Amino acid sequence: MAKVGFIKLGNLGMSQVVDLLEDEIAAREGITTRVYGTGPKMSKEDAADTEAFKEFDPDFVIIISPNASTPGPTEARNLWKDKPCLIISDGPTKKDDRQAIEDEGFGYIILPVDPLIGAKTEFLDPVEMASFNSDVMKVLSTCGAVRLVQEELDKLTAQVDEGKSGDAIELPHIYAKPQICIERAGFSNPYAKAKGLAALHMAEKVSQINLPACFMLKDLEEVAFTAATGHEMIRAASELAVEAREIEKTNDTVLRKPHSKKGKVLSKTKLYEKPQ
């Protein structure tokens, strides 16, 4: 029985589904998951509260948050360094900062394609937040990022099934740029793949647009206009992602990789074929 703990500090697009990826139809045996979430907050105090989650005693832990270099996620890593721990985040993006996380013994999947939201009162409300995250999920799911995370979690649970524990568990270290994600998507049509890669590049660019809106600009009109621009870009990216999948559906070549009841990863591309 693999026991997997998920700690959610703040929110990324991937946070919506990360704890569901190993048991997508709730029928898999031999795995137990628990989630400790702090909602939108990710301060050091919020991170400290996750210590109560240690009663679950997971075989490994996934800590997912925006910017893993900030104080809250850093505090969470300090609390969980006695467990095999995988960090999923949109940053740090600099090589030296990622190396520092690896040197501390943590695994990581950094997703620059999971973009910063335009989080300013002058623009964002709950409806806009939900709309943005639904657009982000279209890109992450269709264009390879979700499958990348799924496959890396599959490798971790497989190691637990093999009897590995503690430091013996090998953790991934992946900077999931657009070119890395698209290769996990499984597109067979080159035009679909090109649309998917374009969507990922656009999603990565959204963060660069929203960053000044969130942290640098002060004028109300500039803040609102810039954040709106970032949100329009992710909407366009989500439409490209949908178009890419529609091409694959037209050709009856959508790659599906479900988990069997025993946890084996199956595969199929034709709608009317049994996963093998």
# chains A, B, ... in the order shown; residues from 1 in each chain; ligands from 1
>>> select_by_dssp(residues="region 46-187 of chain A", states="alpha helix (DSSP H)", output="compact mmCIF listing (two decimals) with all heavy atoms, in the first residue's frame")
# COMPACT_ATOMS: atom_id res chain seq x y z
N ASP A 46 1.33 29.22 7.73
CA ASP A 46 0.51 28.20 7.09
C ASP A 46 1.31 26.92 6.88
O ASP A 46 0.82 25.81 7.10
CB ASP A 46 -0.02 28.71 5.74
CG ASP A 46 -0.94 29.89 5.89
OD1 ASP A 46 -1.91 29.80 6.65
OD2 ASP A 46 -0.68 30.94 5.26
N ALA A 47 2.55 27.08 6.45
CA ALA A 47 3.43 25.93 6.23
C ALA A 47 3.66 25.17 7.53
O ALA A 47 3.68 23.94 7.56
CB ALA A 47 4.75 26.37 5.62
N ALA A 48 3.84 25.91 8.63
CA ALA A 48 4.10 25.27 9.93
C ALA A 48 2.93 24.39 10.35
O ALA A 48 3.12 23.33 10.98
CB ALA A 48 4.36 26.34 10.98
N ASP A 49 1.71 24.77 9.97
CA ASP A 49 0.54 23.98 10.34
C ASP A 49 0.53 22.60 9.68
O ASP A 49 -0.15 21.69 10.17
CB ASP A 49 -0.74 24.72 9.95
CG ASP A 49 -1.02 25.91 10.86
OD1 ASP A 49 -0.45 25.95 11.97
OD2 ASP A 49 -1.80 26.80 10.47
N PRO A 71 9.15 32.16 1.33
CA PRO A 71 9.30 31.66 2.70
C PRO A 71 8.38 30.52 3.09
O PRO A 71 8.82 29.58 3.77
CB PRO A 71 9.02 32.91 3.55
CG PRO A 71 9.44 34.06 2.68
CD PRO A 71 9.05 33.65 1.29
N GLY A 72 7.11 30.55 2.69
CA GLY A 72 6.19 29.49 3.08
C GLY A 72 6.59 28.13 2.56
O GLY A 72 6.76 27.18 3.34
N PRO A 73 6.75 27.96 1.24
CA PRO A 73 7.19 26.66 0.72
C PRO A 73 8.55 26.23 1.26
O PRO A 73 8.78 25.03 1.47
CB PRO A 73 7.24 26.91 -0.80
CG PRO A 73 6.22 27.97 -1.03
CD PRO A 73 6.32 28.87 0.16
N THR A 74 9.46 27.19 1.49
CA THR A 74 10.76 26.85 2.07
C THR A 74 10.59 26.28 3.48
O THR A 74 11.24 25.29 3.84
CB THR A 74 11.67 28.09 2.11
OG1 THR A 74 11.86 28.58 0.77
CG2 THR A 74 13.02 27.77 2.71
N GLU A 75 9.71 26.88 4.26
CA GLU A 75 9.43 26.37 5.61
C GLU A 75 8.83 24.97 5.54
O GLU A 75 9.17 24.09 6.34
CB GLU A 75 8.47 27.32 6.32
CG GLU A 75 8.01 26.86 7.70
CD GLU A 75 9.13 26.86 8.74
OE1 GLU A 75 10.20 27.46 8.48
OE2 GLU A 75 8.94 26.25 9.81
N ALA A 76 7.94 24.75 4.57
CA ALA A 76 7.34 23.42 4.43
C ALA A 76 8.40 22.37 4.11
O ALA A 76 8.37 21.26 4.66
CB ALA A 76 6.27 23.45 3.33
N ARG A 77 9.36 22.70 3.25
CA ARG A 77 10.43 21.76 2.94
C ARG A 77 11.24 21.43 4.19
O ARG A 77 11.62 20.27 4.40
CB ARG A 77 11.35 22.32 1.85
CG ARG A 77 10.70 22.37 0.48
CD ARG A 77 11.76 22.50 -0.61
NE ARG A 77 12.58 23.69 -0.50
CZ ARG A 77 12.21 24.89 -0.92
NH1 ARG A 77 11.02 25.07 -1.46
NH2 ARG A 77 13.03 25.92 -0.80
N ASN A 78 11.50 22.43 5.01
CA ASN A 78 12.25 22.19 6.25
C ASN A 78 11.52 21.21 7.16
O ASN A 78 12.13 20.37 7.83
CB ASN A 78 12.50 23.51 6.98
CG ASN A 78 13.51 24.39 6.26
OD1 ASN A 78 14.36 23.90 5.52
ND2 ASN A 78 13.42 25.69 6.48
N LEU A 79 10.20 21.32 7.18
CA LEU A 79 9.40 20.45 8.04
C LEU A 79 9.32 19.02 7.51
O LEU A 79 9.15 18.07 8.29
CB LEU A 79 7.98 21.01 8.17
CG LEU A 79 7.82 22.26 9.04
CD1 LEU A 79 6.42 22.83 8.90
CD2 LEU A 79 8.10 21.93 10.51
N LYS A 95 18.68 28.15 -12.86
CA LYS A 95 19.35 26.86 -12.69
C LYS A 95 19.97 26.72 -11.31
O LYS A 95 19.86 25.67 -10.66
CB LYS A 95 20.40 26.67 -13.77
CG LYS A 95 21.09 25.32 -13.73
CD LYS A 95 22.06 25.15 -14.87
CE LYS A 95 22.73 23.79 -14.84
NZ LYS A 95 23.68 23.61 -15.97
N ASP A 96 20.64 27.76 -10.82
CA ASP A 96 21.31 27.69 -9.52
C ASP A 96 20.31 27.46 -8.39
O ASP A 96 20.58 26.72 -7.44
CB ASP A 96 22.13 28.95 -9.26
CG ASP A 96 23.37 29.03 -10.13
OD1 ASP A 96 23.72 28.02 -10.77
OD2 ASP A 96 23.98 30.12 -10.20
N ASP A 97 19.15 28.11 -8.48
CA ASP A 97 18.13 27.96 -7.45
C ASP A 97 17.53 26.55 -7.48
O ASP A 97 17.24 25.97 -6.42
CB ASP A 97 17.03 29.00 -7.64
CG ASP A 97 17.52 30.42 -7.41
OD1 ASP A 97 18.50 30.58 -6.65
OD2 ASP A 97 16.95 31.36 -7.98
N ARG A 98 17.35 26.00 -8.68
CA ARG A 98 16.86 24.63 -8.77
C ARG A 98 17.90 23.64 -8.23
O ARG A 98 17.55 22.68 -7.55
CB ARG A 98 16.51 24.27 -10.22
CG ARG A 98 15.43 25.15 -10.84
CD ARG A 98 14.85 24.51 -12.09
NE ARG A 98 15.84 24.09 -13.07
CZ ARG A 98 16.35 24.87 -14.02
NH1 ARG A 98 15.96 26.14 -14.10
NH2 ARG A 98 17.22 24.40 -14.89
N GLN A 99 19.16 23.92 -8.51
CA GLN A 99 20.23 23.05 -8.02
C GLN A 99 20.28 23.06 -6.50
O GLN A 99 20.54 22.03 -5.87
CB GLN A 99 21.57 23.50 -8.60
CG GLN A 99 22.74 22.57 -8.27
CD GLN A 99 22.56 21.18 -8.85
OE1 GLN A 99 22.27 21.03 -10.03
NE2 GLN A 99 22.72 20.16 -8.01
N ALA A 100 20.01 24.22 -5.91
CA ALA A 100 20.01 24.31 -4.45
C ALA A 100 18.94 23.41 -3.84
O ALA A 100 19.17 22.75 -2.82
CB ALA A 100 19.81 25.76 -4.02
N ILE A 101 17.78 23.37 -4.47
CA ILE A 101 16.71 22.48 -3.99
C ILE A 101 17.13 21.03 -4.12
O ILE A 101 16.93 20.22 -3.21
CB ILE A 101 15.41 22.75 -4.78
CG1 ILE A 101 14.84 24.13 -4.41
CG2 ILE A 101 14.37 21.67 -4.51
CD1 ILE A 101 13.62 24.52 -5.21
N GLU A 102 17.75 20.69 -5.25
CA GLU A 102 18.22 19.32 -5.44
C GLU A 102 19.30 18.96 -4.43
O GLU A 102 19.30 17.85 -3.88
CB GLU A 102 18.76 19.16 -6.87
CG GLU A 102 19.22 17.75 -7.19
CD GLU A 102 19.62 17.57 -8.64
OE1 GLU A 102 19.36 18.48 -9.46
OE2 GLU A 102 20.20 16.50 -8.97
N ASP A 103 20.22 19.89 -4.17
CA ASP A 103 21.30 19.64 -3.22
C ASP A 103 20.77 19.39 -1.81
O ASP A 103 21.42 18.71 -1.00
CB ASP A 103 22.29 20.81 -3.21
CG ASP A 103 23.09 20.92 -4.50
OD1 ASP A 103 23.11 19.94 -5.27
OD2 ASP A 103 23.68 21.99 -4.75
N PRO A 126 -13.60 36.51 -7.90
CA PRO A 126 -13.69 35.05 -7.89
C PRO A 126 -14.04 34.43 -9.24
O PRO A 126 -13.52 33.37 -9.59
CB PRO A 126 -14.77 34.77 -6.84
CG PRO A 126 -14.66 35.91 -5.89
CD PRO A 126 -14.36 37.11 -6.76
N VAL A 127 -14.92 35.08 -10.01
CA VAL A 127 -15.29 34.53 -11.31
C VAL A 127 -14.12 34.57 -12.28
O VAL A 127 -13.84 33.60 -12.99
CB VAL A 127 -16.50 35.30 -11.89
CG1 VAL A 127 -16.76 34.88 -13.34
CG2 VAL A 127 -17.74 35.05 -11.04
N GLU A 128 -13.39 35.69 -12.31
CA GLU A 128 -12.22 35.80 -13.18
C GLU A 128 -11.15 34.79 -12.78
O GLU A 128 -10.48 34.20 -13.64
CB GLU A 128 -11.66 37.23 -13.12
CG GLU A 128 -10.51 37.50 -14.09
CD GLU A 128 -10.95 37.50 -15.54
OE1 GLU A 128 -12.07 37.96 -15.84
OE2 GLU A 128 -10.15 37.05 -16.40
N MET A 129 -10.98 34.58 -11.48
CA MET A 129 -10.01 33.60 -11.00
C MET A 129 -10.36 32.21 -11.49
O MET A 129 -9.51 31.46 -11.99
CB MET A 129 -9.97 33.64 -9.46
CG MET A 129 -9.06 32.62 -8.81
SD MET A 129 -9.86 31.00 -8.53
CE MET A 129 -11.13 31.45 -7.36
N ALA A 130 -11.64 31.84 -11.37
CA ALA A 130 -12.07 30.51 -11.79
C ALA A 130 -11.93 30.34 -13.31
O ALA A 130 -11.51 29.28 -13.80
CB ALA A 130 -13.51 30.26 -11.36
N SER A 131 -12.27 31.38 -14.05
CA SER A 131 -12.15 31.34 -15.50
C SER A 131 -10.69 31.16 -15.93
O SER A 131 -10.38 30.35 -16.82
CB SER A 131 -12.73 32.62 -16.12
OG SER A 131 -12.56 32.63 -17.52
N PHE A 132 -9.79 31.90 -15.30
CA PHE A 132 -8.36 31.80 -15.61
C PHE A 132 -7.87 30.38 -15.36
O PHE A 132 -7.19 29.78 -16.21
CB PHE A 132 -7.59 32.80 -14.75
CG PHE A 132 -6.09 32.77 -14.94
CD1 PHE A 132 -5.49 33.57 -15.91
CD2 PHE A 132 -5.28 31.97 -14.15
CE1 PHE A 132 -4.11 33.55 -16.09
CE2 PHE A 132 -3.90 31.94 -14.33
CZ PHE A 132 -3.32 32.74 -15.30
N ASN A 133 -8.21 29.82 -14.21
CA ASN A 133 -7.72 28.49 -13.88
C ASN A 133 -8.29 27.42 -14.79
O ASN A 133 -7.62 26.43 -15.08
CB ASN A 133 -8.02 28.18 -12.41
CG ASN A 133 -7.00 28.80 -11.48
OD1 ASN A 133 -5.83 28.44 -11.50
ND2 ASN A 133 -7.44 29.75 -10.67
N SER A 134 -9.52 27.60 -15.27
CA SER A 134 -10.07 26.62 -16.21
C SER A 134 -9.34 26.69 -17.54
O SER A 134 -9.09 25.65 -18.18
CB SER A 134 -11.58 26.85 -16.41
OG SER A 134 -11.84 28.09 -17.05
N ASP A 135 -8.96 27.90 -17.97
CA ASP A 135 -8.17 28.03 -19.20
C ASP A 135 -6.79 27.41 -19.04
O ASP A 135 -6.28 26.72 -19.94
CB ASP A 135 -8.04 29.51 -19.59
CG ASP A 135 -9.33 30.10 -20.11
OD1 ASP A 135 -10.17 29.34 -20.62
OD2 ASP A 135 -9.49 31.34 -20.03
N VAL A 136 -6.16 27.66 -17.89
CA VAL A 136 -4.85 27.06 -17.62
C VAL A 136 -4.93 25.55 -17.67
O VAL A 136 -4.07 24.87 -18.26
CB VAL A 136 -4.31 27.53 -16.25
CG1 VAL A 136 -3.07 26.73 -15.85
CG2 VAL A 136 -3.98 29.02 -16.28
N MET A 137 -5.97 24.97 -17.08
CA MET A 137 -6.09 23.52 -17.04
C MET A 137 -6.24 22.93 -18.43
O MET A 137 -5.76 21.82 -18.70
CB MET A 137 -7.25 23.11 -16.13
CG MET A 137 -7.39 21.61 -15.92
SD MET A 137 -5.82 20.75 -15.57
CE MET A 137 -5.30 21.62 -14.11
N LYS A 138 -6.93 23.62 -19.34
CA LYS A 138 -7.03 23.14 -20.72
C LYS A 138 -5.64 22.98 -21.33
O LYS A 138 -5.36 21.99 -22.02
CB LYS A 138 -7.86 24.10 -21.56
CG LYS A 138 -9.34 24.00 -21.37
CD LYS A 138 -9.87 22.68 -21.91
CE LYS A 138 -11.39 22.62 -21.80
NZ LYS A 138 -11.91 21.29 -22.20
N VAL A 139 -4.76 23.95 -21.09
CA VAL A 139 -3.41 23.90 -21.64
C VAL A 139 -2.59 22.80 -20.96
O VAL A 139 -1.95 21.98 -21.61
CB VAL A 139 -2.71 25.26 -21.52
CG1 VAL A 139 -1.28 25.19 -22.04
CG2 VAL A 139 -3.49 26.33 -22.29
N LEU A 140 -2.61 22.77 -19.64
CA LEU A 140 -1.80 21.79 -18.91
C LEU A 140 -2.23 20.36 -19.21
O LEU A 140 -1.38 19.47 -19.35
CB LEU A 140 -1.91 22.04 -17.40
CG LEU A 140 -1.40 23.39 -16.88
CD1 LEU A 140 -1.60 23.46 -15.37
CD2 LEU A 140 0.07 23.61 -17.22
N SER A 141 -3.52 20.13 -19.33
CA SER A 141 -4.01 18.76 -19.53
C SER A 141 -3.76 18.28 -20.95
O SER A 141 -3.25 17.17 -21.16
CB SER A 141 -5.50 18.67 -19.19
OG SER A 141 -6.25 19.55 -20.01
N THR A 142 -4.09 19.09 -21.93
CA THR A 142 -4.00 18.66 -23.32
C THR A 142 -2.57 18.64 -23.84
O THR A 142 -2.22 17.81 -24.67
CB THR A 142 -4.86 19.60 -24.20
OG1 THR A 142 -6.22 19.51 -23.78
CG2 THR A 142 -4.76 19.23 -25.67
N ALA A 145 1.63 18.65 -19.77
CA ALA A 145 2.10 18.90 -18.41
C ALA A 145 1.45 17.95 -17.40
O ALA A 145 2.12 17.43 -16.50
CB ALA A 145 1.84 20.36 -18.02
N VAL A 146 0.16 17.72 -17.54
CA VAL A 146 -0.53 16.81 -16.62
C VAL A 146 0.02 15.39 -16.77
O VAL A 146 0.28 14.70 -15.77
CB VAL A 146 -2.05 16.85 -16.86
CG1 VAL A 146 -2.73 15.62 -16.26
CG2 VAL A 146 -2.65 18.11 -16.25
N ARG A 147 0.21 14.95 -18.01
CA ARG A 147 0.74 13.60 -18.20
C ARG A 147 2.17 13.49 -17.66
O ARG A 147 2.54 12.45 -17.10
CB ARG A 147 0.69 13.19 -19.66
CG ARG A 147 1.28 11.80 -19.88
CD ARG A 147 0.74 11.10 -21.10
NE ARG A 147 -0.67 10.80 -20.96
CZ ARG A 147 -1.58 11.04 -21.91
NH1 ARG A 147 -1.21 11.58 -23.06
NH2 ARG A 147 -2.84 10.74 -21.72
N LEU A 148 2.96 14.53 -17.81
CA LEU A 148 4.31 14.51 -17.26
C LEU A 148 4.26 14.28 -15.75
O LEU A 148 4.97 13.42 -15.21
CB LEU A 148 5.03 15.81 -17.58
CG LEU A 148 6.49 15.96 -17.15
CD1 LEU A 148 7.23 16.92 -18.07
CD2 LEU A 148 6.63 16.44 -15.71
N VAL A 149 3.42 15.03 -15.06
CA VAL A 149 3.31 14.87 -13.60
C VAL A 149 2.78 13.48 -13.27
O VAL A 149 3.28 12.81 -12.36
CB VAL A 149 2.42 15.98 -13.00
CG1 VAL A 149 2.16 15.71 -11.51
CG2 VAL A 149 3.08 17.34 -13.18
N GLN A 150 1.75 13.04 -14.01
CA GLN A 150 1.21 11.69 -13.77
C GLN A 150 2.29 10.63 -13.89
O GLN A 150 2.43 9.76 -13.03
CB GLN A 150 0.10 11.38 -14.77
CG GLN A 150 -0.41 9.95 -14.70
CD GLN A 150 -0.78 9.37 -16.05
OE1 GLN A 150 -1.37 10.05 -16.87
NE2 GLN A 150 -0.43 8.10 -16.28
N GLU A 151 3.06 10.69 -14.96
CA GLU A 151 4.08 9.67 -15.19
C GLU A 151 5.17 9.68 -14.12
O GLU A 151 5.66 8.62 -13.72
CB GLU A 151 4.68 9.86 -16.58
CG GLU A 151 3.70 9.52 -17.70
CD GLU A 151 4.25 9.80 -19.09
OE1 GLU A 151 5.27 10.52 -19.20
OE2 GLU A 151 3.66 9.30 -20.07
N GLU A 152 5.53 10.86 -13.65
CA GLU A 152 6.56 10.93 -12.61
C GLU A 152 6.02 10.44 -11.27
O GLU A 152 6.75 9.79 -10.50
CB GLU A 152 7.10 12.36 -12.50
CG GLU A 152 7.82 12.84 -13.74
CD GLU A 152 8.94 11.91 -14.19
OE1 GLU A 152 9.69 11.41 -13.31
OE2 GLU A 152 9.06 11.67 -15.41
N LEU A 153 4.75 10.69 -10.99
CA LEU A 153 4.15 10.13 -9.77
C LEU A 153 4.01 8.62 -9.88
O LEU A 153 4.20 7.90 -8.88
CB LEU A 153 2.79 10.78 -9.50
CG LEU A 153 2.78 12.28 -9.18
CD1 LEU A 153 1.36 12.74 -8.86
CD2 LEU A 153 3.72 12.61 -8.04
N ASP A 154 3.71 8.14 -11.08
CA ASP A 154 3.65 6.69 -11.29
C ASP A 154 4.99 6.04 -10.93
O ASP A 154 5.02 4.96 -10.33
CB ASP A 154 3.33 6.38 -12.76
CG ASP A 154 1.87 6.61 -13.12
OD1 ASP A 154 1.02 6.56 -12.21
OD2 ASP A 154 1.59 6.83 -14.31
N LYS A 155 6.07 6.67 -11.31
CA LYS A 155 7.40 6.12 -11.02
C LYS A 155 7.66 6.07 -9.51
O LYS A 155 8.27 5.11 -9.01
CB LYS A 155 8.48 6.96 -11.71
CG LYS A 155 8.47 6.88 -13.22
CD LYS A 155 9.49 7.82 -13.83
CE LYS A 155 9.41 7.84 -15.35
NZ LYS A 155 10.36 8.82 -15.95
N LEU A 156 7.18 7.08 -8.79
CA LEU A 156 7.37 7.09 -7.34
C LEU A 156 6.56 5.99 -6.66
O LEU A 156 7.06 5.26 -5.80
CB LEU A 156 7.00 8.46 -6.78
CG LEU A 156 7.88 9.63 -7.21
CD1 LEU A 156 7.37 10.93 -6.60
CD2 LEU A 156 9.34 9.41 -6.81
N THR A 157 5.29 5.86 -7.04
CA THR A 157 4.46 4.82 -6.42
C THR A 157 4.99 3.43 -6.79
O THR A 157 4.93 2.51 -5.97
CB THR A 157 2.99 4.96 -6.84
OG1 THR A 157 2.88 4.98 -8.26
CG2 THR A 157 2.39 6.24 -6.28
N ALA A 158 5.53 3.28 -7.99
CA ALA A 158 6.10 1.98 -8.39
C ALA A 158 7.29 1.62 -7.51
O ALA A 158 7.47 0.44 -7.15
CB ALA A 158 6.52 2.03 -9.86
N GLN A 159 8.08 2.62 -7.15
CA GLN A 159 9.22 2.35 -6.28
C GLN A 159 8.76 1.89 -4.89
O GLN A 159 9.37 1.00 -4.28
CB GLN A 159 10.10 3.59 -6.17
CG GLN A 159 10.84 3.94 -7.45
CD GLN A 159 11.71 5.17 -7.28
OE1 GLN A 159 12.70 5.15 -6.56
NE2 GLN A 159 11.31 6.25 -7.95
N VAL A 160 7.70 2.51 -4.38
CA VAL A 160 7.16 2.08 -3.09
C VAL A 160 6.66 0.64 -3.20
O VAL A 160 6.89 -0.18 -2.31
CB VAL A 160 6.04 3.02 -2.63
CG1 VAL A 160 5.36 2.48 -1.36
CG2 VAL A 160 6.59 4.42 -2.37
N ASP A 161 5.98 0.32 -4.31
CA ASP A 161 5.48 -1.04 -4.51
C ASP A 161 6.63 -2.05 -4.56
O ASP A 161 6.45 -3.22 -4.20
CB ASP A 161 4.67 -1.12 -5.81
CG ASP A 161 3.35 -0.36 -5.72
OD1 ASP A 161 2.90 -0.10 -4.59
OD2 ASP A 161 2.77 -0.04 -6.78
N PRO A 178 8.20 24.27 -22.24
CA PRO A 178 7.24 23.84 -23.26
C PRO A 178 7.69 22.66 -24.09
O PRO A 178 6.92 21.72 -24.33
CB PRO A 178 7.07 25.11 -24.12
CG PRO A 178 7.27 26.23 -23.16
CD PRO A 178 8.37 25.75 -22.24
N GLN A 179 8.97 22.66 -24.50
CA GLN A 179 9.46 21.58 -25.35
C GLN A 179 9.47 20.23 -24.62
O GLN A 179 9.34 19.18 -25.24
CB GLN A 179 10.86 21.90 -25.86
CG GLN A 179 10.92 23.09 -26.80
CD GLN A 179 11.09 24.42 -26.06
OE1 GLN A 179 10.86 24.51 -24.86
NE2 GLN A 179 11.50 25.45 -26.79
N ILE A 180 9.67 20.27 -23.30
CA ILE A 180 9.65 19.04 -22.50
C ILE A 180 8.21 18.54 -22.35
O ILE A 180 7.93 17.34 -22.53
CB ILE A 180 10.27 19.29 -21.12
CG1 ILE A 180 11.72 19.74 -21.24
CG2 ILE A 180 10.16 18.05 -20.24
CD1 ILE A 180 12.65 18.73 -21.85
N CYS A 181 7.30 19.43 -22.04
CA CYS A 181 5.90 19.04 -21.84
C CYS A 181 5.28 18.46 -23.10
O CYS A 181 4.57 17.43 -23.04
CB CYS A 181 5.08 20.24 -21.36
SG CYS A 181 5.47 20.82 -19.70
N ILE A 182 5.53 19.09 -24.23
CA ILE A 182 4.84 18.67 -25.46
C ILE A 182 5.21 17.25 -25.84
O ILE A 182 4.40 16.53 -26.44
CB ILE A 182 5.12 19.66 -26.61
CG1 ILE A 182 4.06 19.52 -27.72
CG2 ILE A 182 6.52 19.49 -27.16
CD1 ILE A 182 2.67 19.89 -27.30
N GLU A 183 6.40 16.81 -25.48
CA GLU A 183 6.82 15.45 -25.82
C GLU A 183 6.09 14.40 -24.97
O GLU A 183 6.08 13.22 -25.31
CB GLU A 183 8.34 15.29 -25.67
CG GLU A 183 9.14 16.13 -26.64
CD GLU A 183 8.82 15.85 -28.10
OE1 GLU A 183 8.48 14.68 -28.42
OE2 GLU A 183 8.90 16.78 -28.92
N ARG A 184 5.48 14.83 -23.88
CA ARG A 184 4.70 13.91 -23.05
C ARG A 184 3.23 13.86 -23.49
O ARG A 184 2.47 13.02 -23.01
CB ARG A 184 4.76 14.32 -21.59
CG ARG A 184 6.17 14.39 -20.98
CD ARG A 184 6.78 13.03 -20.75
NE ARG A 184 8.02 13.13 -19.99
CZ ARG A 184 8.16 12.77 -18.71
NH1 ARG A 184 7.13 12.28 -18.04
NH2 ARG A 184 9.33 12.89 -18.10
N ALA A 185 2.83 14.77 -24.37
CA ALA A 185 1.41 14.89 -24.71
C ALA A 185 0.91 13.74 -25.56
O ALA A 185 -0.28 13.41 -25.52
CB ALA A 185 1.16 16.22 -25.42
>>> residues_around(residues="Ala26 (chain A)", least_positions_apart="3", cutoff="12 Å", atoms="only C-alpha atoms", output="list of chain:residue names")
A:Asp19, A:Leu20, A:Leu21, A:Glu22, A:Asp23, A:Glu29, A:Gly30, A:Ile31, A:Thr32, A:Thr33, A:Pro258, A:His259, A:Ser260, A:Lys261, A:Lys262, A:Gly263
>>> write_last_selection(atoms="N, CA, C and O atoms", output="short mmCIF file (atom, residue, chain, number, x, y, z; two decimals), in the first residue's frame")
data_model
loop_
_atom_site.label_atom_id
_atom_site.label_comp_id
_atom_site.auth_asym_id
_atom_site.auth_seq_id
_atom_site.Cartn_x
_atom_site.Cartn_y
_atom_site.Cartn_z
N ASP A 19 -3.69 15.71 -6.97
CA ASP A 19 -3.98 14.62 -6.05
C ASP A 19 -4.92 13.58 -6.64
O ASP A 19 -5.20 12.56 -6.01
N LEU A 20 -5.40 13.79 -7.87
CA LEU A 20 -6.31 12.86 -8.54
C LEU A 20 -5.63 12.03 -9.61
O LEU A 20 -6.22 11.08 -10.12
N LEU A 21 -4.39 12.37 -9.95
CA LEU A 21 -3.76 11.81 -11.15
C LEU A 21 -3.40 10.34 -11.02
O LEU A 21 -3.25 9.65 -12.03
N GLU A 22 -3.23 9.83 -9.80
CA GLU A 22 -2.87 8.43 -9.62
C GLU A 22 -4.07 7.50 -9.50
O GLU A 22 -3.91 6.28 -9.47
N ASP A 23 -5.27 8.07 -9.43
CA ASP A 23 -6.46 7.23 -9.25
C ASP A 23 -7.65 7.96 -9.84
O ASP A 23 -8.60 8.32 -9.15
N GLU A 29 -6.48 0.00 -6.50
CA GLU A 29 -6.14 -0.62 -5.23
C GLU A 29 -4.67 -0.37 -4.92
O GLU A 29 -3.87 -0.06 -5.79
N GLY A 30 -4.32 -0.47 -3.64
CA GLY A 30 -2.92 -0.39 -3.26
C GLY A 30 -2.37 1.01 -3.17
O GLY A 30 -1.15 1.19 -3.16
N ILE A 31 -3.24 1.99 -3.09
CA ILE A 31 -2.76 3.37 -2.94
C ILE A 31 -3.75 4.14 -2.08
O ILE A 31 -4.97 3.97 -2.18
N THR A 32 -3.21 4.95 -1.18
CA THR A 32 -4.02 5.83 -0.34
C THR A 32 -3.45 7.23 -0.43
O THR A 32 -2.23 7.42 -0.32
N THR A 33 -4.30 8.19 -0.65
CA THR A 33 -3.85 9.59 -0.72
C THR A 33 -4.59 10.43 0.31
O THR A 33 -5.76 10.18 0.61
N PRO A 258 -4.90 5.24 -18.97
CA PRO A 258 -5.55 5.04 -17.67
C PRO A 258 -4.78 4.07 -16.78
O PRO A 258 -3.94 3.29 -17.25
N HIS A 259 -5.11 4.12 -15.49
CA HIS A 259 -4.57 3.15 -14.54
C HIS A 259 -5.53 1.97 -14.42
O HIS A 259 -6.74 2.15 -14.33
N SER A 260 -4.96 0.78 -14.40
CA SER A 260 -5.78 -0.40 -14.12
C SER A 260 -6.10 -0.44 -12.63
O SER A 260 -5.56 0.33 -11.83
N LYS A 261 -6.97 -1.35 -12.26
CA LYS A 261 -7.34 -1.51 -10.85
C LYS A 261 -6.12 -1.81 -9.99
O LYS A 261 -6.04 -1.39 -8.83
N LYS A 262 -5.14 -2.51 -10.57
CA LYS A 262 -3.92 -2.87 -9.84
C LYS A 262 -2.84 -1.79 -9.93
O LYS A 262 -1.76 -1.94 -9.36
N GLY A 263 -3.10 -0.74 -10.68
CA GLY A 263 -2.14 0.36 -10.76
C GLY A 263 -1.28 0.38 -12.00
O GLY A 263 -0.50 1.32 -12.20
#
>>> atom_distance(atom1="CA of Val254 (chain A)", atom2="CA of Met14 (chain A)")
21.2 Å
>>> closest_atom_pairs(of="region 157-241 of chain A", to="region 116-124 of chain A", cutoff="12 Å", atoms="only C-alpha atoms", output="tab-separated table")
residue	atom	partner	partner_atom	distance
A:Ala203	CA	A:Leu116	CA	9.3
A:Glu204	CA	A:Leu116	CA	9.0
A:Lys205	CA	A:Leu116	CA	9.7
A:Val206	CA	A:Leu116	CA	7.1
A:Ser207	CA	A:Leu116	CA	4.8
A:Gln208	CA	A:Leu116	CA	8.3
A:Ile209	CA	A:Gly118	CA	8.8
A:Asn210	CA	A:Gly118	CA	5.3
A:Leu211	CA	A:Leu116	CA	7.1
A:Pro212	CA	A:Gly118	CA	9.3
A:Ala213	CA	A:Gly118	CA	6.7
A:Cys214	CA	A:Ala119	CA	6.0
A:Phe215	CA	A:Lys120	CA	9.1
A:Met216	CA	A:Lys120	CA	11.2
A:Leu217	CA	A:Lys120	CA	10.4
A:Lys218	CA	A:Glu122	CA	10.3
A:Asp219	CA	A:Glu122	CA	9.9
A:Leu220	CA	A:Glu122	CA	6.6
A:Glu221	CA	A:Glu122	CA	8.5
A:Glu222	CA	A:Glu122	CA	9.9
A:Val223	CA	A:Glu122	CA	7.1
A:Ala224	CA	A:Phe123	CA	5.2
A:Phe225	CA	A:Phe123	CA	8.4
A:Thr226	CA	A:Gly118	CA	8.3
A:Ala227	CA	A:Gly118	CA	4.9
A:Ala228	CA	A:Phe123	CA	7.4
A:Thr229	CA	A:Gly118	CA	9.3
A:Gly230	CA	A:Gly118	CA	7.2
A:His231	CA	A:Gly118	CA	7.3
A:Glu232	CA	A:Gly118	CA	10.9
A:Met233	CA	A:Ile117	CA	11.5
A:Ile234	CA	A:Ile117	CA	9.8
